[in-house]
Amino acid sequence: MSEETKNISILEGRKGQVWRKGEGGAFVCDRQSLAGSVTQRACAFCGSRVVLYPIADALHIVHGPIGCAAYNWDIRGALSSGPQMHRNSFSTDVSEKEIIFGGEKKLRAALDELIPELKPKAAFVYSTCIVGLIGDDVDAICRQTSAKYGIPVIPVDSPGFKGTKRLGYQAACDSISKLIGTGDTSKVGPLSINLLGEFNIAGEAWMIREYFEKIGIEVVATMTGDGRVDDIRRAHGAKLNLVQCSGSMTALAKLMQETHGIPFKRVSFFGMEDTAKAIYEAAGFFCDEVVMERAKNLVRAEIGEVLPQLKAYRRKLAGKKAALYVGGAFKALSLVTALRALGMRTVLAGTQTGNADDYAALRDICDPGTIIVDDSNPLELAKFVMEKDVDLFIGGVKERPIAFKLGVAFCDHNHERKIPLAGFAGMLNFAEEVASSVLSPVWKYVPRRSGLGMEGVR
Amino acid sequence: MLDGTTAEIRERQALRINPAKTCQPIGAMYAALGINGCMPHSHGSQGCCAYHRSHLTRHYKEPVAATTSSFTEGASVFGGLANLQQALENIFTIYKPKIVAVHTTCLSEVIGDDIPMIIERARREGKIKPDQLVMHTNTPSFVGSHVTGFSNQCASTIKYFSESSGETKNVVNLFPGWVEPADMREIKRMAKEMGIEFILFPDTSGVLDTGHTGHYEMYPAGGTTLEQIKAMGDSFQTIAMGPLASKAAAEELEKKCNVPSRLLELPIGLSNTDAFVNAMRLAGQVPVPASIEEERSRLIDMMSDMAQYMHDKKVAIFGDPDQVTALTQFLVEMDMKPVIAVTGTPGKAFEAKIKEICAEKCPEVEARAYSDVHFLHQWIKNNPVDLLIGNGFGKFVAKAEGNIPFVRFGFPIMDRVGHRAFSTIGYTGAMRLIEQITNAFFDYRDRNDPDEKIELVL
Ligand code: SF4
């Protein structure tokens with residue numbers, strides 16, 4: 001361990017945000033990052049952008065200076081079976097002139113240039129940090145543009161300073177809710193659900209949809225994976241909402257419960273156990289014997305297919321230790337379970353944006369000694385990784401090179417990937433991803449394991 | 001993803017589609033990482049900092065540490081004074097950098113935070129100690145591009161720290177411009193080979209291309225030291241490469257410490273490298289060593305070996321002005337026809353320069369500044385090319401045009417490793433460029449030619 005990592009203390013104001021199972025003490029989360037910390041978190045704009053991004057037949061236009069639009073260009077693995085419009089980067093590229101005279105004219109012109117040409121079903125206008133400050137009335141422009149072209153033009157109010165990604169999720173939910181309830185539901189059947197918080201990363205929504213179709217449940221809308229405006233407009237016809245990635249879409253589910261009386265269930269499609277549980281929950285909800293029977297058969301068949309192959313992975317991976325640092329806590333929960341299925345143990349679990357309930361659940365399923373952190377930073381993560389001597393780190397883009405520098409295997413579990421990890425088949429992909437990094441011989445050569453630097457070669 | 005692009009070009013007044021630039025702060029962050037022991041600090045919402053770090057990490061495959069003022073709603077109204085002061089206190093307590101380099105974002109610029117005043121006040125109030133160094137640079141993201149941010153950071157660093165003691169030393173300052181860490185290594189190697197004494201600033205080698213040590217170092221060993229930056233004021237000359245990235249810094253040093261400067265294009269390709277070698281020869285009053293001459297002759301040898309495959313090949317190139325102009329020069333030297341040259345960075349000088357370079361070989365060149373990848377794609381549709389050169393996003397254009405030969409060059413490249421390890425600067429770097437370009441041509445032929453036409457010997 002380097003001197004730096006050994007001696008690093010935890011920022012005084014962050015002490016409550018680190019917790020060790022078995023030590024007690026209160027756990028603090030859901031707060032703004034401390035000014036001056038190397039936080040791994042993004043902002044509200046980012047949150048709203050990633051949630052709405054997969055709606056493929058809508059126009060997404062970022063109103064603000066170029067940066068925010070540039071960093072978001074095609075960085076998500078959310079697939080579309082039809083239009084690819086969402087993968088382009090449209091923005092107003094606000095420059096000095098607009099800072100002085102306001103950006104309304106430019107935004108209006110941008111919408112006028114795009115909507116007649118691309119003919120989107122709806123348009124989302126994202127306001128970034130400075131739009132409010134230069135006095136642009138985005139709401140009014142959206143209203144007028146909407147009237148002009150006869151499509152919904154929806155403002156997304158999530159400037160970065162509003163807070164963490166969570167607040168952006170909330171803004172995205174508000175925007176989507178403006179579409180829900182505006183479509184015709186006469187063709188929606190009685191056995192019908194929506195999938196919320198499923199972004200069709202690497203086609204995961206398609207796999208999940210297929211499960212439900214096989215057991216006779218209709219999926220009205222996925223929000224927002226492979227999303228279509230017209231599906232969202234009639235989503236209120238569904239009888240049940242399944243909420244995945246709870247952090248981002250529970251707010252919308254609650255709203256739909258209030259306004260349209262649709263109950264919701266929190267589920268996860270990550271790992272075999274959780275996938276099976278999710279399917280049974282939906283099937284059980286409709287109290288239909290045939291559906292339940294089909295569900296049982298489906299789960300049996302799928303697991304039967306995957307299990308023998310999984311055993312092979314388990315033999316190789318059993319006893320390895322994992323650390324995870326992901327966006328939402330629900331994902332962390334599923335990962336702990338899935339790693340267990342591979343015979344691995346989670347010794348460090350952290351998230352960027354978990355809330356109190358999430359962390360309570362996380363604490364319950366972790367083994368004693370597990371460290372739980374909220375809104376961590378590289379030095380802290382490095383310290384815990386070394387302390388716990390982990391074999392695998394699961395995280396996102398900013399954690400990957402840190403893990404590699406420490407000599408620890410890494411598995412990418414963010415939304416840029418294009419390998420499906422959800423559902424039963426996804427479990428095999430997950431196992432393969434983990435194995436391909438953990439079992440690499442390169443870790444034998446790194447100083448941490450070999451105990452040797454160059455002197456070992458000499 | 002870009003299959004829908006049409007050949008019909010409509011002038012756009014207000015819209016940016018698929019940018020060929022990004023915002024200033026990321027450039028400031030990159031330049032600040034080239035200072036030894038420096039913590040870049042982003043004075044704005046936490047999203048900016050997260051985006052910039054992620055983007056740099058994706059390109060360099062290295063951890064990037066930087067801090068943020070984490071603006072809140074309150075700060076967006078009342079200014080970020082409290083945030084910055086608290087941030088500075090926290091950074092020095094926990095992360096112990098040698099220096100903090102504060103840059104602004106669109107938000108703090110529009111609010112009008114007076115950074116020097118805030119730093120001054122923090123000092124007066126004892127929140128930062130006398131020996132804790134803080135500098136600042138203004139990087140409004142609605143002006144210029146990421147290259148402007150790089151340039152501003154370099155110039156401000158000099159303004160803060162370079163000094164002249166009155167005694168001129170036999171040292172040459174080398175300003176490399178925004179190039180890869182591998183390129184900075186190459187510049188240092190060549191300067192050593194020439195036998196001159198030099199200071200390279202900034203220097204990201206050893207920071208963003210470190211080896212595996214088994215440690216996470218927040219401040220890797222590389223980077224120009226503060227002593228060196230200070231001493232630059234005593235050097236007798238500056239060789240500044242890449243006008244857009246380096247000119248401001250060179251002028252600042254000239255103004256502040258009377259160090260005369262020579263402005264060169266980036267040493268990419270034959271004649272630009274000649275100019276660099278010549279400038280070092282004149283500055284150091286040294287003969288060009290045989291080893292450098294040999295490198296040059298090997299480049300010419302390779303150029304002659306491959307000349308027939310280059311003749312009149314049509315090339316489209318996009319990226320940052322310094323890179324694109326230097327490389328366009330080399331393309332012409334290799335008898336190729338640069339028919340389209342695009343940058344997202346504003347500035348008419350770019351267009352004039354490209355036209356001048358291409359005046360003989362390709363007077364019809366379409367040169368555009370303040371443009372974007374969508375325009376580039378449309379021009380290619382109207383005037384198909386044999387080769388596309390540009391950053392990683394170019395692959396979507398290449399794919400949409402039938403997988404035309406494509407060479408990655410510029411920033412960002414998020415899907416390959418070579419750029420961070422192998423330089424494209426100097427004579428040997430030019431050889432690597434020839435290798436990449438001819439490989440692209442030959443691979444294309446091998447993939448697409450009918451079996452009987454495939455040539456074993458080329
Ligand atoms: S908010 Fe401004 S400074 Fe920050 S990433 Fe966006 S454009 Fe760049």
# chains A, B, ... in the order shown; residues from 1 in each chain; ligands from 1
call {"tool": "interface_residues", "arguments": {"of": "chain B", "to": "chain A", "cutoff": "6 Å", "atoms": "only C-alpha atoms", "output": "ChimeraX atom specification"}}
result
/B:1,14-18,22-23,45-47,50,54,62-63,66-73,83,87,90-91,107,142-143,212,214-216
call {"tool": "write_last_selection", "arguments": {"atoms": "N, CA, C and O atoms", "output": "CSV table (one decimal), in the first residue's frame"}}
result
chain,number,residue,atom,x,y,z
B,1,MET,N,-25.9,4.2,-36.7
B,1,MET,CA,-26.3,5.3,-35.9
B,1,MET,C,-26.5,6.6,-36.8
B,1,MET,O,-27.4,7.4,-36.6
B,14,ALA,N,-28.7,27.9,-35.7
B,14,ALA,CA,-28.8,27.9,-34.2
B,14,ALA,C,-28.4,26.5,-33.6
B,14,ALA,O,-28.4,26.4,-32.4
B,15,LEU,N,-28.1,25.6,-34.4
B,15,LEU,CA,-28.1,24.2,-34.0
B,15,LEU,C,-26.7,23.6,-34.1
B,15,LEU,O,-26.0,23.9,-35.1
B,16,ARG,N,-26.4,22.8,-33.1
B,16,ARG,CA,-25.2,22.0,-33.2
B,16,ARG,C,-25.6,20.6,-33.2
B,16,ARG,O,-26.3,20.1,-32.4
B,17,ILE,N,-25.2,19.9,-34.3
B,17,ILE,CA,-25.5,18.4,-34.3
B,17,ILE,C,-24.2,17.7,-34.3
B,17,ILE,O,-23.3,17.8,-35.2
B,18,ASN,N,-24.0,16.8,-33.3
B,18,ASN,CA,-22.8,16.0,-33.1
B,18,ASN,C,-21.5,16.9,-33.2
B,18,ASN,O,-20.8,16.9,-34.2
B,22,THR,N,-15.5,20.5,-27.4
B,22,THR,CA,-16.2,20.5,-26.2
B,22,THR,C,-15.9,21.8,-25.4
B,22,THR,O,-15.3,22.7,-26.0
B,23,CYS,N,-16.2,21.8,-24.1
B,23,CYS,CA,-16.1,23.1,-23.4
B,23,CYS,C,-14.7,23.4,-22.8
B,23,CYS,O,-13.9,22.5,-22.5
B,45,SER,N,-21.0,23.4,-10.8
B,45,SER,CA,-21.8,22.3,-10.3
B,45,SER,C,-20.9,21.0,-10.4
B,45,SER,O,-20.0,20.9,-11.1
B,46,GLN,N,-21.3,20.0,-9.6
B,46,GLN,CA,-20.4,18.8,-9.5
B,46,GLN,C,-20.5,18.0,-10.8
B,46,GLN,O,-19.6,17.2,-11.1
B,47,GLY,N,-21.5,18.2,-11.6
B,47,GLY,CA,-21.6,17.5,-12.9
B,47,GLY,C,-20.5,17.8,-13.8
B,47,GLY,O,-19.9,16.9,-14.4
B,50,ALA,N,-17.4,15.9,-12.9
B,50,ALA,CA,-17.6,14.5,-13.1
B,50,ALA,C,-17.5,14.2,-14.6
B,50,ALA,O,-16.9,13.2,-15.0
B,54,SER,N,-14.6,11.9,-16.3
B,54,SER,CA,-14.9,10.7,-17.0
B,54,SER,C,-14.4,10.7,-18.4
B,54,SER,O,-13.9,9.7,-18.9
B,62,GLU,N,-6.8,6.3,-17.4
B,62,GLU,CA,-6.0,6.5,-16.2
B,62,GLU,C,-7.0,7.2,-15.2
B,62,GLU,O,-7.9,7.9,-15.6
B,63,PRO,N,-6.7,7.0,-13.9
B,63,PRO,CA,-7.5,7.8,-13.0
B,63,PRO,C,-7.3,9.3,-13.1
B,63,PRO,O,-6.1,9.6,-13.4
B,66,ALA,N,-9.9,15.3,-9.6
B,66,ALA,CA,-10.1,16.7,-9.6
B,66,ALA,C,-11.2,17.0,-8.6
B,66,ALA,O,-12.0,16.1,-8.3
B,67,THR,N,-11.3,18.2,-8.1
B,67,THR,CA,-12.3,18.5,-7.1
B,67,THR,C,-13.3,19.5,-7.7
B,67,THR,O,-13.1,20.1,-8.7
B,68,THR,N,-14.4,19.6,-6.9
B,68,THR,CA,-15.5,20.5,-7.4
B,68,THR,C,-16.0,21.4,-6.3
B,68,THR,O,-16.0,21.0,-5.1
B,69,SER,N,-16.5,22.5,-6.6
B,69,SER,CA,-17.1,23.4,-5.6
B,69,SER,C,-18.6,23.0,-5.3
B,69,SER,O,-19.2,23.5,-4.4
B,70,SER,N,-19.1,22.0,-6.0
B,70,SER,CA,-20.4,21.4,-5.7
B,70,SER,C,-21.4,22.5,-5.5
B,70,SER,O,-22.0,22.6,-4.5
B,71,PHE,N,-21.7,23.3,-6.5
B,71,PHE,CA,-22.6,24.4,-6.4
B,71,PHE,C,-24.0,23.9,-6.1
B,71,PHE,O,-24.4,22.8,-6.5
B,72,THR,N,-24.7,24.7,-5.3
B,72,THR,CA,-26.1,24.4,-4.9
B,72,THR,C,-27.0,25.5,-5.5
B,72,THR,O,-26.5,26.4,-6.0
B,73,GLU,N,-28.2,25.3,-5.2
B,73,GLU,CA,-29.2,26.3,-5.7
B,73,GLU,C,-28.8,27.7,-5.1
B,73,GLU,O,-28.8,28.7,-5.8
B,83,ASN,N,-18.6,28.2,-1.1
B,83,ASN,CA,-18.3,26.9,-1.6
B,83,ASN,C,-16.8,26.8,-1.9
B,83,ASN,O,-16.2,25.8,-1.6
B,87,ALA,N,-14.1,24.5,-0.1
B,87,ALA,CA,-13.5,23.5,-0.9
B,87,ALA,C,-12.0,23.6,-0.7
B,87,ALA,O,-11.3,22.6,-0.5
B,90,ASN,N,-10.9,22.1,2.5
B,90,ASN,CA,-11.0,20.7,2.5
B,90,ASN,C,-9.9,20.0,1.7
B,90,ASN,O,-9.3,19.0,2.0
B,91,ILE,N,-9.6,20.6,0.5
B,91,ILE,CA,-8.7,20.0,-0.4
B,91,ILE,C,-7.3,20.0,0.3
B,91,ILE,O,-6.6,18.9,0.2
B,107,LEU,N,-21.4,28.3,-15.2
B,107,LEU,CA,-22.2,28.8,-14.2
B,107,LEU,C,-21.5,29.9,-13.4
B,107,LEU,O,-22.0,31.0,-13.2
B,142,PHE,N,-18.8,29.1,-22.8
B,142,PHE,CA,-19.5,29.6,-24.0
B,142,PHE,C,-18.6,30.4,-24.9
B,142,PHE,O,-19.1,31.0,-25.8
B,143,VAL,N,-17.3,30.3,-24.7
B,143,VAL,CA,-16.3,31.0,-25.5
B,143,VAL,C,-15.3,30.0,-26.0
B,143,VAL,O,-14.9,29.1,-25.2
B,212,HIS,N,2.1,0.3,-14.0
B,212,HIS,CA,1.4,-0.4,-12.9
B,212,HIS,C,2.3,-0.5,-11.7
B,212,HIS,O,3.3,-1.2,-11.8
B,214,GLY,N,0.8,-0.9,-8.4
B,214,GLY,CA,0.1,-1.5,-7.3
B,214,GLY,C,-0.4,-0.5,-6.4
B,214,GLY,O,-1.1,-0.8,-5.4
B,215,HIS,N,-0.2,0.8,-6.6
B,215,HIS,CA,-0.7,1.8,-5.8
B,215,HIS,C,-1.6,2.7,-6.6
B,215,HIS,O,-1.5,2.8,-7.8
B,216,TYR,N,-2.5,3.4,-5.8
B,216,TYR,CA,-3.2,4.5,-6.4
B,216,TYR,C,-2.5,5.8,-6.0
B,216,TYR,O,-2.5,6.1,-4.8
call {"tool": "residues_around", "arguments": {"residues": "B:Val385", "least_positions_apart": "6", "cutoff": "8 Å", "atoms": "only C-alpha atoms", "output": "number ranges by chain"}}
result
B: 313-316, 339
call {"tool": "write_last_selection", "arguments": {"atoms": "N, CA, C and O atoms", "output": "PDB file, in the first residue's frame"}}
result
ATOM      1  N   LYS B 313      -4.909  10.335 -52.955  1.00  0.00           N
ATOM      2  CA  LYS B 313      -6.004   9.783 -52.144  1.00  0.00           C
ATOM      3  C   LYS B 313      -6.747  10.937 -51.476  1.00  0.00           C
ATOM      4  O   LYS B 313      -6.132  11.850 -50.920  1.00  0.00           O
ATOM      5  N   LYS B 314      -8.060  10.869 -51.546  1.00  0.00           N
ATOM      6  CA  LYS B 314      -8.868  11.955 -50.965  1.00  0.00           C
ATOM      7  C   LYS B 314      -9.107  11.715 -49.476  1.00  0.00           C
ATOM      8  O   LYS B 314      -9.526  10.625 -49.079  1.00  0.00           O
ATOM      9  N   VAL B 315      -8.851  12.732 -48.696  1.00  0.00           N
ATOM     10  CA  VAL B 315      -8.942  12.584 -47.248  1.00  0.00           C
ATOM     11  C   VAL B 315      -9.877  13.627 -46.643  1.00  0.00           C
ATOM     12  O   VAL B 315      -9.858  14.799 -47.045  1.00  0.00           O
ATOM     13  N   ALA B 316     -10.704  13.201 -45.699  1.00  0.00           N
ATOM     14  CA  ALA B 316     -11.459  14.135 -44.859  1.00  0.00           C
ATOM     15  C   ALA B 316     -10.862  14.067 -43.460  1.00  0.00           C
ATOM     16  O   ALA B 316     -10.566  12.979 -42.965  1.00  0.00           O
ATOM     17  N   VAL B 339      -9.463  16.940 -48.908  1.00  0.00           N
ATOM     18  CA  VAL B 339     -10.567  17.655 -49.556  1.00  0.00           C
ATOM     19  C   VAL B 339     -11.534  18.280 -48.556  1.00  0.00           C
ATOM     20  O   VAL B 339     -12.258  19.214 -48.879  1.00  0.00           O
TER      21      VAL B 339
END
call {"tool": "residues_around", "arguments": {"residues": "A:Val390", "least_positions_apart": "4", "cutoff": "7 Å", "atoms": "only C-alpha atoms", "output": "NGL selection string"}}
result
:A and (321-323 or 385-386)
call {"tool": "write_last_selection", "arguments": {"atoms": "N, CA, C and O atoms", "output": "mmCIF file, in the first residue's frame"}}
result
data_model
loop_
_atom_site.group_PDB
_atom_site.id
_atom_site.type_symbol
_atom_site.label_atom_id
_atom_site.label_comp_id
_atom_site.auth_asym_id
_atom_site.auth_seq_id
_atom_site.Cartn_x
_atom_site.Cartn_y
_atom_site.Cartn_z
ATOM 1 N N LYS A 321 -13.187 -12.349 -3.415
ATOM 2 C CA LYS A 321 -13.834 -11.241 -2.711
ATOM 3 C C LYS A 321 -14.100 -10.060 -3.653
ATOM 4 O O LYS A 321 -13.241 -9.719 -4.463
ATOM 5 N N ALA A 322 -15.273 -9.468 -3.496
ATOM 6 C CA ALA A 322 -15.650 -8.386 -4.405
ATOM 7 C C ALA A 322 -15.941 -7.092 -3.660
ATOM 8 O O ALA A 322 -16.392 -7.099 -2.520
ATOM 9 N N ALA A 323 -15.657 -5.984 -4.353
ATOM 10 C CA ALA A 323 -16.055 -4.668 -3.870
ATOM 11 C C ALA A 323 -16.954 -4.063 -4.926
ATOM 12 O O ALA A 323 -16.706 -4.257 -6.119
ATOM 13 N N VAL A 385 -10.293 -1.026 -0.605
ATOM 14 C CA VAL A 385 -9.982 -2.142 -1.498
ATOM 15 C C VAL A 385 -8.718 -2.856 -1.016
ATOM 16 O O VAL A 385 -8.641 -4.078 -0.974
ATOM 17 N N MET A 386 -7.717 -2.062 -0.620
ATOM 18 C CA MET A 386 -6.481 -2.669 -0.145
ATOM 19 C C MET A 386 -6.698 -3.341 1.206
ATOM 20 O O MET A 386 -6.229 -4.442 1.446
#
call {"tool": "residues_around", "arguments": {"residues": "A:Glu198", "least_positions_apart": "6", "cutoff": "8 Å", "atoms": "only C-alpha atoms", "output": "list of chain:residue names"}}
result
A:Glu204, A:Ala205, A:Thr222, A:Met223, A:Thr224, A:Gly225, A:Val243, A:Gln244, A:Cys245
call {"tool": "select_by_dssp", "arguments": {"residues": "stretch 98-260 of chain B", "states": "alpha helix (DSSP H)", "output": "PyMOL selection string"}}
result
chain B and resi 106-111+115-124+146-161+181-194+226-231+243-257
call {"tool": "select_by_dssp", "arguments": {"residues": "stretch 190-344 of chain B", "states": "strand (DSSP E)", "output": "list in words"}}
result
Phe198, Ile199, Leu200, Ser235, Phe236, Gln237, Thr238, Ile239, Ala240, Met241, Ser261, Arg262, Leu263, Leu264, Lys314, Val315, Ala316, Ile317, Phe318, Lys337, Pro338, Val339, Ile340, Ala341 and Val342 of chain B
call {"tool": "write_last_selection", "arguments": {"atoms": "C-alpha atoms", "output": "PDB file, in the first residue's frame"}}
result
ATOM      1  CA  PHE B 198      14.975  22.518 -21.680  1.00  0.00           C
ATOM      2  CA  ILE B 199      11.846  22.760 -19.565  1.00  0.00           C
ATOM      3  CA  LEU B 200       8.700  21.157 -20.966  1.00  0.00           C
ATOM      4  CA  SER B 235      15.103  30.785 -19.950  1.00  0.00           C
ATOM      5  CA  PHE B 236      16.478  32.560 -22.975  1.00  0.00           C
ATOM      6  CA  GLN B 237      13.849  31.348 -25.409  1.00  0.00           C
ATOM      7  CA  THR B 238      10.515  29.616 -25.698  1.00  0.00           C
ATOM      8  CA  ILE B 239       9.590  27.290 -28.522  1.00  0.00           C
ATOM      9  CA  ALA B 240       5.804  27.202 -28.528  1.00  0.00           C
ATOM     10  CA  MET B 241       4.154  24.458 -30.549  1.00  0.00           C
ATOM     11  CA  SER B 261       9.361  33.059 -28.227  1.00  0.00           C
ATOM     12  CA  ARG B 262       9.172  31.195 -31.503  1.00  0.00           C
ATOM     13  CA  LEU B 263       5.786  29.938 -32.558  1.00  0.00           C
ATOM     14  CA  LEU B 264       5.686  26.691 -34.528  1.00  0.00           C
ATOM     15  CA  LYS B 314      -8.868  11.955 -50.965  1.00  0.00           C
ATOM     16  CA  VAL B 315      -8.942  12.584 -47.248  1.00  0.00           C
ATOM     17  CA  ALA B 316     -11.459  14.135 -44.859  1.00  0.00           C
ATOM     18  CA  ILE B 317     -10.033  15.229 -41.520  1.00  0.00           C
ATOM     19  CA  PHE B 318     -11.596  16.720 -38.416  1.00  0.00           C
ATOM     20  CA  LYS B 337      -5.571  15.374 -51.236  1.00  0.00           C
ATOM     21  CA  PRO B 338      -7.174  16.773 -48.106  1.00  0.00           C
ATOM     22  CA  VAL B 339     -10.567  17.655 -49.556  1.00  0.00           C
ATOM     23  CA  ILE B 340     -12.439  18.286 -46.295  1.00  0.00           C
ATOM     24  CA  ALA B 341     -11.012  19.775 -43.093  1.00  0.00           C
ATOM     25  CA  VAL B 342     -13.312  20.549 -40.198  1.00  0.00           C
TER      26      VAL B 342
END
call {"tool": "closest_residue", "arguments": {"among": "B:Glu11, B:Pro140, B:Pro346, B:Ala65", "to": "ligand 1", "atoms": "only C-alpha atoms and all ligand atoms"}}
result
B:Pro140
call {"tool": "closest_atom_pairs", "arguments": {"of": "chain B", "to": "ligand 1", "cutoff": "6 Å", "atoms": "only C-alpha atoms and all ligand atoms", "output": "CSV"}}
result
residue,atom,partner,partner_atom_place_in_ligand_line,distance
B:Cys23,CA,ligand 1,8 (Fe),5.0
B:Cys48,CA,ligand 1,4 (Fe),3.8
B:Thr105,CA,ligand 1,3 (S),4.0
B:Cys106,CA,ligand 1,2 (Fe),4.3
B:Ser141,CA,ligand 1,3 (S),5.3
